[in-house]
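**Student:** Once you've had a glance at the structure underneath, I'll fire off some questions.
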Amino acid sequence: MHKIILFILFGLSTACTVSPEKNTKELPNLEYAGDLLVFSEVMDQREEEMVRMLVTKNYLRIDSGPNAEDYILFDRNKKLIFNVIAEEKSIMQIDTEKFDRSPAYKIRWNVESQTSSALMRSDDNGAASATYYHLKLNDKSCYNIVTVDKGMEEPLAALKEYRESLSHQLKRYYRPDKGQECFEAVNIFTPLHHLHKGFPIREWSAYGYQRFLVDYKKKIIFPKSLFELPIDFIKSKI
C-alpha cells in the first residue's frame with residue numbers, strides 16, 4: 001500500500017497515446033483547453049523521470065508524456081483521483097474524503113527567502129519574477145523552492161486542489177516514521193504550505209526528492225480522450 005501511495009503522490013505514471021496538441025493564439029471557451037507543463041523529476045536518487053501535467057478548468061492529468069499508457073486523472077469539481085494502470089487494465093479510485101489526523105510531533109515552519117535569477121521557459125518568458133525560499137521544519141533544513149509570482153495561476157490552483165485531496169488519503173495510512181518528519185510535513189500534514197509562495201518551478205528536499213519545470217505552454221486544446229477513463233477497465237477503491 002505504501003508503494004501505491006507514493007506512486008500516486010509524485011505522479012510517476014504515464015499516459016495514453018495522443019494526437020498532437022494544438023496551440024492557439026486565442027483560447028476558445030472549450031472544456032478541454034488549458035495548460036501543458038513538463039517536469040524533470042527525481043525521487044530519492046533514482047533515475048530522472050519526465051512528468052507531464054495537463055491542466056484544464058475541470059481536470060488535472062498527470063502522466064509521463066504522449067506515448068505512455070498509465071496516468072492519474074484528478075476531477076477538480078468532484079475532488080476525485082483516479083489512477084489508471086494499463087497493464088492491469090485497472091482504475092483505482094482514491095478516497096479523498098476529508099480525514100483529520102495529527103502528526104506525532106509539532107510542526108513549526110521557518111522560511112528564509114531571496115530574489116532568484118531563475119528563468120522559466122514558457123510562452124511568458126520574462127513576465128514573472130522568481131523568488132528562492134528555504135523552508136526549515138523545527139529548525140532543520142527541509143525543503144527548497146523557487147517560485148514565480150504570476151502567470152501560472154491555474155496550474156497552481158489545480159496543484160493545490162490535488163495535493164489537498166490526496167493528503168486526506170495519506171492521513172488514513174499514516175504511521176509515524178522516525179526521520180521522515182520533513183516528508184510527512186510537506187506531503188501529508190501541511191501539503192499547501194510551500195505553495196502559498198507561488199508556483200514552484202524548481203523544488204528539492206532533504207529527503208531526496210527534486211523536480212524542476214522544463215517546459216510550459218498555455219492555450220493548448222487537448223483531445224477529450226485524455227480526460228476520460230477506459231470503459232472496459234476494472235474499477236476499485238482505496
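Convention: chains lettered A, B, ... in C-alpha cells order; per-chain residue numbering from 1; ligands numbered from 1 as shown.
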Sorted by chain and rising residue number, which residues of region 182-202 of chain A lie within 12 Å of region 99-108 of chain A, and what are their closest atom pairs and distances in Å to one decimal, counting only C-alpha atoms, as a Markdown table?

**Tutor:**
| residue | atom | partner | partner_atom | distance |
| --- | --- | --- | --- | --- |
| A:Cys182 | CA | A:Ile107 | CA | 9.4 |
| A:Phe183 | CA | A:Pro103 | CA | 11.7 |
| A:Glu184 | CA | A:Pro103 | CA | 8.2 |
| A:Ala185 | CA | A:Ile107 | CA | 7.1 |
| A:Val186 | CA | A:Ile107 | CA | 10.1 |
| A:Asn187 | CA | A:Pro103 | CA | 11.9 |
| A:Ile188 | CA | A:Pro103 | CA | 9.0 |
| A:Phe189 | CA | A:Pro103 | CA | 7.2 |
| A:Thr190 | CA | A:Ile107 | CA | 8.7 |
| A:His193 | CA | A:Arg108 | CA | 11.2 |

**Student:** Kindly save the residues from that selection, with C-alpha atoms included, as a tab-separated table (two decimals), in the first residue's frame.

**Tutor:**
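What ended up in result.tsv:
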chain	number	residue	atom	x	y	z
A	182	CYS	CA	10.13	16.50	6.64
A	183	PHE	CA	8.46	14.23	4.09
A	184	GLU	CA	5.36	13.85	6.25
A	185	ALA	CA	5.01	17.57	6.93
A	186	VAL	CA	5.40	18.55	3.26
A	187	ASN	CA	3.17	15.87	1.76
A	188	ILE	CA	0.67	14.83	4.43
A	189	PHE	CA	0.06	17.41	7.14
A	190	THR	CA	0.83	20.78	5.51
A	193	HIS	CA	2.40	25.37	2.88

**Student:** Pull the helix (DSSP H, G or I) assignments for region 39-200 of chain A out of DSSP run on the backbone, and list those residues as a PyMOL selection string.

**Tutor:** chain A and resi 153-172+181-189+193-195

**Student:** Out of A:Glu112, A:Asp35, A:Glu69, A:Glu181, which residue has the shortest atom-to-atom distance to Leu156 (chain A) when counting only C-alpha atoms?

**Tutor:**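 Checking each candidate against Leu156 (chain A), we get A:Asp35 as the closest.
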
**Student:** Write out as a ChimeraX atom specification all residues of chain A that backbone DSSP assigns to strand (DSSP E or B).

**Tutor:** /A:22-23,33-42,49-56,59-63,71-75,80-85,90-94,109-116,122,130-137,140-148,199-205,210-221,234-237

**Student:** Which residue gives the smallest distance to Asn144 (chain A) among A:Ser165, A:Ile85, A:Tyr207, A:Arg175, with only C-alpha atoms counted?

**Tutor:**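 Ranked by minimum distance to Asn144 (chain A), first place goes to A:Tyr207.
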
**Student:** Please indicate the distance in Å from CA of Gln210 (chain A) to CA of Asn58 (chain A), rounded to one decimal place.

**Tutor:**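 These two atoms are separated by 27.3 Å.
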
**Student:** Contacts of Lys78 (chain A) at 12 Å or less, counting only C-alpha atoms, minus same-chain residues fewer than 6 places along, as a ChimeraX atom specification?

**Tutor:** /A:58-60,95-97,161-162,165

**Student:** Please, could you write that set of residues out with C-alpha atoms as a tab-separated table (two decimals), in the first residue's frame?

**Tutor:**
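The result, stored in out09.tsv:
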chain	number	residue	atom	x	y	z
A	58	ASN	CA	-12.18	20.76	-14.79
A	59	TYR	CA	-9.24	18.32	-14.74
A	60	LEU	CA	-5.63	17.72	-13.85
A	95	ASP	CA	-10.70	8.10	-1.33
A	96	THR	CA	-10.24	11.86	-0.89
A	97	GLU	CA	-12.93	12.46	1.72
A	161	GLU	CA	-6.59	21.08	-5.05
A	162	TYR	CA	-4.88	17.82	-5.97
A	165	SER	CA	-7.34	15.94	-1.78

**Student:** Using only C-alpha atoms, which protein or nucleic acid residues come within 12 Å of Gln45 (chain A)? Drop anything in the same chain fewer than 5 positions from it, and give the result as a list in words.

**Tutor:**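 Returned residues: Trp204, Ser205, Ala206, Tyr207, Gly208, Tyr209, Gln210 and Arg211 of chain A.
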
**Student:** Name all residues at most 12 Å from Arg61 (chain A) (count only C-alpha atoms; drop same-chain ones fewer than 2 positions away) and give them as a PyMOL selection string.

**Tutor:** chain A and resi 8+11-16+32+34-38+51-59+63-66+70-76+80-84+155+158-159+162+222+224-229
